[in-house]
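The next block holds one structure in the form of structure tokens; read it before the comments.
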There are 2 protein chains.
Amino acid sequence: MEKIILIGAGNVAHHLGISLFGAGHQIIQVISKNENNARALAEKVNADFGTDIRKIKKADFAIIAVNDDAITSVAFQIKNMPFAHTSGSISIENGGVFYPLQTFSKNIPLDLKKVPFCISAKDIDFENTLLEVAKSISNFVYIINKKQRKTLHLAAVFACNFSNQMYYIAEDLLKKSDLDFEMLKPLIVETANKIIKNSPLSAQTGPAQRKDLKTIENQIDLLEDADLKSIYKLITNQILK
Amino acid sequence: MEKIILIGAGNVAHHLGISLFGAGHQIIQVISKNENNARALAEKVNADFGTDIRKIKKADFAIIAVNDDAITSVAFQIKNMPFAHTSGSISIENGGVFYPLQTFSKNIPLDLKKVPFCISAKDIDFENTLLEVAKSISNFVYIINKKQRKTLHLAAVFACNFSNQMYYIAEDLLKKSDLDFEMLKPLIVETANKIIKNSPLSAQTGPAQRKDLKTIENQIDLLEDADLKSIYKLITNQILK
């Protein structure tokens, strides 16, 4: 059982805090610039709360779960204990990493047990502590180095943010033709579920996979937006290779 | 109950045949250039089978479930009954459309009841027949016009084939850093499942959504392949807009 300070009270902090508390860890304090968020989370995990990082209490370590661009300045103010942040892209000398590889949205419940956690820390004892804590809330915990973490974050941007943008483009195309995005939902979910058993390469279908150049040409003509035409061509050429 | 000829014995024909047979329709004949495939499917749906389109039997109508580039030549040889094809992109004068909006892969079972079917035909009686047959195997049947069908197919390419390509890019990036694609699977499935309840626009996360230009710059630097850099920039700019 560890004594933990949570810095941040957004989506990630919320999911983490509740899981850590549920796994028997003691959440000493929740600190967030937004007092309401800090209080709401603190109540759920039986913790104190505050808005001023300078009034941080003492604990075994702190988890910094704030926006990437605020992590460094927050970390700079933590002098009295080790800390780890939850970001895939930030690196801080002497800071540990406690990176849940998942997309967190408000009001969407998540089973953290199935979320991969990526751990690293310069200090081997602290790394072991983070490892044990991660294992107490997730079944998939990995120690990865800095280069690997950056690659993982980049891969996650393609697999998650960019695939989601493809859904958005599809929704927008349908809207302009008075078609309901509901029609595409089974296809989207099936496409994602296929990769559980098949590699994306073997699961690929569609005109580019079939080398159906006539359909590809017709679809490029159908697109009115120049950026969409470019995106269509680039990804299609990638599949054609 | 309709008497149906199935032309094709691939993934789509297989799923359709079994569903139609299960819904009480009579599959008169399965015709495929591949005799083994024709026989295998025919056995499952209690039908005759053949490899020669010139020896087609008589039925209420034929469903052409073959590759897009073979549809027109197959359709040209059907003189004695109405026919519909299963393609999202082909249009044939006097040919009906019986287009299941889903990605079909070998050995992946599918619940056709949840697959949207898009129907159209010039002849209103035939369109009604196709509509009733589609309703007998799916809960989501739509009549759509030619322009809508082409847009739908284009949107499906973005939502399905292109998102799958994003998974493939991610897998490839991970492989080069000795990381296991297994790590990304929960994220991919969660990203797709989110659009069931949230619009893709509101579900977006990641560096572009946060306007985190520093991370974006670092990630572009991390990419070695020029095409991947272009894909990254184009999609990121789209999200930044």
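Letters A, B, ... go to the chains of the structure tokens in the order shown; residues in each chain start at 1; ligands are counted from 1 in the same order.
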
- Interface residues on chain B facing chain A, 6 Å, only C-alpha atoms, written as number ranges by chain: B: 102, 155, 158-160, 163-164, 166-168, 170, 187-189, 191-192, 200

Please dump the current selection as a CSV table (one decimal), in the first residue's frame; keep all heavy atoms.
```
chain,number,residue,atom,x,y,z
B,102,GLN,N,-20.6,-3.5,-44.8
B,102,GLN,CA,-19.8,-4.1,-43.8
B,102,GLN,C,-18.5,-4.6,-44.5
B,102,GLN,O,-18.4,-4.8,-45.7
B,102,GLN,CB,-20.5,-5.3,-43.1
B,102,GLN,CG,-19.9,-5.9,-42.0
B,102,GLN,CD,-19.4,-4.9,-40.9
B,102,GLN,OE1,-18.3,-4.4,-41.0
B,102,GLN,NE2,-20.1,-4.7,-39.8
B,155,ALA,N,-17.3,7.1,-47.9
B,155,ALA,CA,-17.2,7.3,-46.4
B,155,ALA,C,-16.7,6.0,-45.8
B,155,ALA,O,-15.9,6.1,-44.8
B,155,ALA,CB,-18.5,7.8,-45.9
B,158,PHE,N,-12.9,5.7,-46.0
B,158,PHE,CA,-12.2,6.4,-44.9
B,158,PHE,C,-12.4,5.7,-43.6
B,158,PHE,O,-11.4,5.5,-42.9
B,158,PHE,CB,-12.8,7.9,-44.8
B,158,PHE,CG,-12.2,8.8,-45.8
B,158,PHE,CD1,-12.8,9.1,-47.0
B,158,PHE,CD2,-11.0,9.4,-45.5
B,158,PHE,CE1,-12.2,10.0,-47.9
B,158,PHE,CE2,-10.4,10.3,-46.4
B,158,PHE,CZ,-11.0,10.6,-47.6
B,159,ALA,N,-13.6,5.4,-43.2
B,159,ALA,CA,-13.9,4.9,-41.9
B,159,ALA,C,-13.3,3.5,-41.6
B,159,ALA,O,-13.0,3.2,-40.5
B,159,ALA,CB,-15.4,4.9,-41.6
B,160,CYS,N,-13.2,2.7,-42.7
B,160,CYS,CA,-12.8,1.3,-42.5
B,160,CYS,C,-11.4,1.1,-43.1
B,160,CYS,O,-10.5,0.8,-42.3
B,160,CYS,CB,-13.9,0.4,-43.2
B,160,CYS,SG,-13.4,-1.3,-43.5
B,163,SER,N,-8.8,3.8,-41.7
B,163,SER,CA,-8.5,3.6,-40.3
B,163,SER,C,-7.7,2.3,-40.1
B,163,SER,O,-6.8,2.3,-39.3
B,163,SER,CB,-9.8,3.6,-39.4
B,163,SER,OG,-10.6,2.5,-39.8
B,164,ASN,N,-8.0,1.3,-40.8
B,164,ASN,CA,-7.2,0.0,-40.7
B,164,ASN,C,-5.8,0.3,-41.1
B,164,ASN,O,-4.9,-0.3,-40.6
B,164,ASN,CB,-7.9,-1.1,-41.6
B,164,ASN,CG,-7.2,-2.4,-41.4
B,164,ASN,OD1,-7.3,-3.0,-40.4
B,164,ASN,ND2,-6.4,-2.8,-42.4
B,166,MET,N,-4.2,3.0,-40.7
B,166,MET,CA,-3.6,3.7,-39.5
B,166,MET,C,-3.1,2.7,-38.5
B,166,MET,O,-2.1,2.8,-37.9
B,166,MET,CB,-4.6,4.7,-38.9
B,166,MET,CG,-5.0,5.9,-39.7
B,166,MET,SD,-3.7,6.9,-40.4
B,166,MET,CE,-3.8,6.6,-42.1
B,167,TYR,N,-3.9,1.6,-38.3
B,167,TYR,CA,-3.5,0.5,-37.4
B,167,TYR,C,-2.2,-0.1,-37.9
B,167,TYR,O,-1.3,-0.4,-37.2
B,167,TYR,CB,-4.6,-0.6,-37.3
B,167,TYR,CG,-6.0,-0.1,-36.9
B,167,TYR,CD1,-7.1,-0.9,-37.3
B,167,TYR,CD2,-6.2,1.1,-36.2
B,167,TYR,CE1,-8.3,-0.5,-36.9
B,167,TYR,CE2,-7.5,1.5,-35.9
B,167,TYR,CZ,-8.6,0.7,-36.3
B,167,TYR,OH,-9.8,1.0,-36.0
B,168,TYR,N,-2.2,-0.3,-39.2
B,168,TYR,CA,-1.0,-1.0,-39.8
B,168,TYR,C,0.2,-0.1,-39.7
B,168,TYR,O,1.3,-0.6,-39.3
B,168,TYR,CB,-1.3,-1.3,-41.3
B,168,TYR,CG,0.0,-1.7,-42.0
B,168,TYR,CD1,0.5,-2.9,-41.7
B,168,TYR,CD2,0.6,-0.9,-42.9
B,168,TYR,CE1,1.7,-3.3,-42.3
B,168,TYR,CE2,1.8,-1.3,-43.5
B,168,TYR,CZ,2.4,-2.5,-43.2
B,168,TYR,OH,3.6,-2.9,-43.7
B,170,ALA,N,0.8,2.0,-37.3
B,170,ALA,CA,1.1,1.9,-35.9
B,170,ALA,C,1.9,0.6,-35.6
B,170,ALA,O,2.9,0.6,-34.9
B,170,ALA,CB,-0.1,2.0,-35.0
B,187,LEU,N,-6.5,0.3,-27.0
B,187,LEU,CA,-6.7,1.7,-27.4
B,187,LEU,C,-7.5,1.7,-28.7
B,187,LEU,O,-8.4,2.5,-28.8
B,187,LEU,CB,-5.3,2.3,-27.6
B,187,LEU,CG,-5.3,3.7,-28.0
B,187,LEU,CD1,-6.0,4.7,-27.1
B,187,LEU,CD2,-3.9,4.2,-28.2
B,188,ILE,N,-7.2,0.8,-29.6
B,188,ILE,CA,-7.9,0.8,-30.9
B,188,ILE,C,-9.3,0.4,-30.7
B,188,ILE,O,-10.2,1.1,-31.3
B,188,ILE,CB,-7.2,-0.2,-31.9
B,188,ILE,CG1,-5.8,0.4,-32.3
B,188,ILE,CG2,-8.1,-0.6,-33.0
B,188,ILE,CD1,-4.9,-0.6,-33.1
B,189,VAL,N,-9.6,-0.6,-29.9
B,189,VAL,CA,-11.0,-1.0,-29.7
B,189,VAL,C,-11.8,0.1,-29.0
B,189,VAL,O,-12.9,0.4,-29.4
B,189,VAL,CB,-11.0,-2.4,-29.0
B,189,VAL,CG1,-12.5,-2.7,-28.6
B,189,VAL,CG2,-10.4,-3.4,-29.9
B,191,THR,N,-11.2,3.3,-29.0
B,191,THR,CA,-11.4,4.5,-29.9
B,191,THR,C,-12.6,4.2,-30.8
B,191,THR,O,-13.4,5.1,-31.0
B,191,THR,CB,-10.1,4.7,-30.8
B,191,THR,OG1,-9.0,4.9,-29.9
B,191,THR,CG2,-10.3,5.8,-31.7
B,192,ALA,N,-12.7,3.0,-31.3
B,192,ALA,CA,-13.8,2.7,-32.2
B,192,ALA,C,-15.1,2.7,-31.4
B,192,ALA,O,-16.2,3.2,-31.8
B,192,ALA,CB,-13.6,1.4,-32.9
B,200,PRO,N,-17.4,11.5,-33.5
B,200,PRO,CA,-15.9,11.5,-33.6
B,200,PRO,C,-15.3,12.9,-33.2
B,200,PRO,O,-14.2,12.9,-32.7
B,200,PRO,CB,-15.7,11.2,-35.1
B,200,PRO,CG,-16.9,10.4,-35.5
B,200,PRO,CD,-18.0,11.0,-34.7
```

- Give me every strand (DSSP E or B) residue in range 15-191 of chain B, going by DSSP on the backbone, as a ChimeraX atom specification. /B:26-31,48-50,61-64,83-85,96-100,117-120,141-143

- Message: Could you list, as an NGL selection string, every residue within 10 Å of Phe126 in chain A, counting only C-alpha atoms and ignoring same-chain residues fewer than 6 positions away?
- Response: :A and (60-61 or 82-84 or 95-96 or 120 or 132)

Next, the residues of the selection above should be written as a PDB file, in the first residue's frame with N, CA and C atoms.
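File result_21.pdb, as written:
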```pdb
ATOM      1  N   ASP A  60       4.423   8.987  -0.319  1.00  0.00           N
ATOM      2  CA  ASP A  60       5.489   8.162  -0.905  1.00  0.00           C
ATOM      3  C   ASP A  60       5.919   8.705  -2.264  1.00  0.00           C
ATOM      4  N   PHE A  61       4.941   9.106  -3.059  1.00  0.00           N
ATOM      5  CA  PHE A  61       5.270   9.759  -4.334  1.00  0.00           C
ATOM      6  C   PHE A  61       4.041  10.497  -4.871  1.00  0.00           C
ATOM      7  N   PRO A  82       9.550  11.597  -4.652  1.00  0.00           N
ATOM      8  CA  PRO A  82       9.611  11.254  -6.077  1.00  0.00           C
ATOM      9  C   PRO A  82       8.275  11.552  -6.756  1.00  0.00           C
ATOM     10  N   PHE A  83       8.347  11.718  -8.052  1.00  0.00           N
ATOM     11  CA  PHE A  83       7.090  11.931  -8.789  1.00  0.00           C
ATOM     12  C   PHE A  83       7.163  11.208 -10.128  1.00  0.00           C
ATOM     13  N   ALA A  84       5.984  10.882 -10.660  1.00  0.00           N
ATOM     14  CA  ALA A  84       5.880  10.297 -11.997  1.00  0.00           C
ATOM     15  C   ALA A  84       4.767  11.024 -12.726  1.00  0.00           C
ATOM     16  N   GLY A  95      12.366  12.322 -13.289  1.00  0.00           N
ATOM     17  CA  GLY A  95      10.928  12.094 -13.150  1.00  0.00           C
ATOM     18  C   GLY A  95      10.581  10.698 -13.654  1.00  0.00           C
ATOM     19  N   GLY A  96       9.738   9.995 -12.927  1.00  0.00           N
ATOM     20  CA  GLY A  96       9.287   8.691 -13.392  1.00  0.00           C
ATOM     21  C   GLY A  96       8.140   8.845 -14.373  1.00  0.00           C
ATOM     22  N   SER A 120       8.585   3.769 -16.380  1.00  0.00           N
ATOM     23  CA  SER A 120      10.036   3.892 -16.347  1.00  0.00           C
ATOM     24  C   SER A 120      10.427   4.906 -15.274  1.00  0.00           C
ATOM     25  N   GLU A 132       4.955  -2.007  -9.197  1.00  0.00           N
ATOM     26  CA  GLU A 132       4.017  -2.711  -8.307  1.00  0.00           C
ATOM     27  C   GLU A 132       2.675  -1.999  -8.236  1.00  0.00           C
TER      28      GLU A 132
END
```

- Could you give me the residues within range 55-109 of chain B that DSSP places in helix (DSSP H, G or I), as a ChimeraX atom specification? /B:55,68-76

Quick one: residues within 10 Å of range 38-43 of chain B, only C-alpha atoms, excluding same-chain residues fewer than 6 positions away - as a CSV table (one decimal) with N, CA and C atoms, in the first residue's frame?
```csv
chain,number,residue,atom,x,y,z
B,6,LEU,N,-27.3,-17.5,-56.4
B,6,LEU,CA,-26.1,-16.8,-55.8
B,6,LEU,C,-25.0,-16.9,-56.8
B,7,ILE,N,-24.5,-15.8,-57.3
B,7,ILE,CA,-23.3,-15.8,-58.2
B,7,ILE,C,-22.1,-15.3,-57.4
B,8,GLY,N,-21.1,-16.1,-57.2
B,8,GLY,CA,-20.0,-15.8,-56.3
B,8,GLY,C,-20.1,-16.8,-55.1
B,9,ALA,N,-18.9,-17.1,-54.6
B,9,ALA,CA,-18.9,-18.0,-53.4
B,9,ALA,C,-17.7,-17.6,-52.5
B,10,GLY,N,-17.4,-16.3,-52.5
B,10,GLY,CA,-16.4,-15.7,-51.7
B,10,GLY,C,-17.0,-15.3,-50.3
B,13,ALA,N,-20.7,-13.6,-50.6
B,13,ALA,CA,-21.7,-14.6,-51.0
B,13,ALA,C,-21.9,-15.7,-49.8
B,14,HIS,N,-20.8,-16.0,-49.2
B,14,HIS,CA,-20.9,-17.0,-48.1
B,14,HIS,C,-21.8,-16.5,-47.0
B,15,HIS,N,-21.5,-15.3,-46.5
B,15,HIS,CA,-22.3,-14.8,-45.4
B,15,HIS,C,-23.8,-14.6,-45.8
B,17,GLY,N,-25.5,-16.0,-48.4
B,17,GLY,CA,-26.1,-17.3,-48.7
B,17,GLY,C,-26.7,-18.0,-47.4
B,18,ILE,N,-25.8,-18.1,-46.4
B,18,ILE,CA,-26.2,-18.7,-45.2
B,18,ILE,C,-27.3,-18.0,-44.5
B,27,ILE,N,-32.2,-21.2,-51.9
B,27,ILE,CA,-31.1,-20.9,-52.8
B,27,ILE,C,-31.1,-22.0,-53.9
B,28,ILE,N,-31.4,-21.6,-55.1
B,28,ILE,CA,-31.6,-22.5,-56.2
B,28,ILE,C,-30.2,-23.1,-56.6
B,29,GLN,N,-29.2,-22.2,-56.7
B,29,GLN,CA,-27.9,-22.5,-57.3
B,29,GLN,C,-26.9,-21.5,-56.8
B,30,VAL,N,-25.7,-22.1,-56.6
B,30,VAL,CA,-24.5,-21.3,-56.4
B,30,VAL,C,-23.5,-21.4,-57.6
B,31,ILE,N,-23.2,-20.3,-58.2
B,31,ILE,CA,-22.3,-20.3,-59.4
B,31,ILE,C,-21.0,-19.6,-59.0
B,32,SER,N,-19.9,-20.3,-59.2
B,32,SER,CA,-18.6,-19.6,-59.0
B,32,SER,C,-17.6,-20.2,-59.9
B,49,PHE,N,-24.9,-26.5,-57.6
B,49,PHE,CA,-23.8,-25.6,-57.8
B,49,PHE,C,-23.3,-25.7,-59.2
B,50,GLY,N,-22.6,-24.7,-59.7
B,50,GLY,CA,-22.0,-24.8,-61.0
B,50,GLY,C,-20.9,-23.8,-61.2
B,51,THR,N,-20.1,-23.9,-62.3
B,51,THR,CA,-19.0,-23.0,-62.5
B,51,THR,C,-19.3,-22.2,-63.8
```

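For the choices B:Ala121, B:Ala65, B:Leu130, B:Leu16, the atom-to-atom distance to Glu93 in chain B is smallest for B:Ala121 when using only C-alpha atoms.
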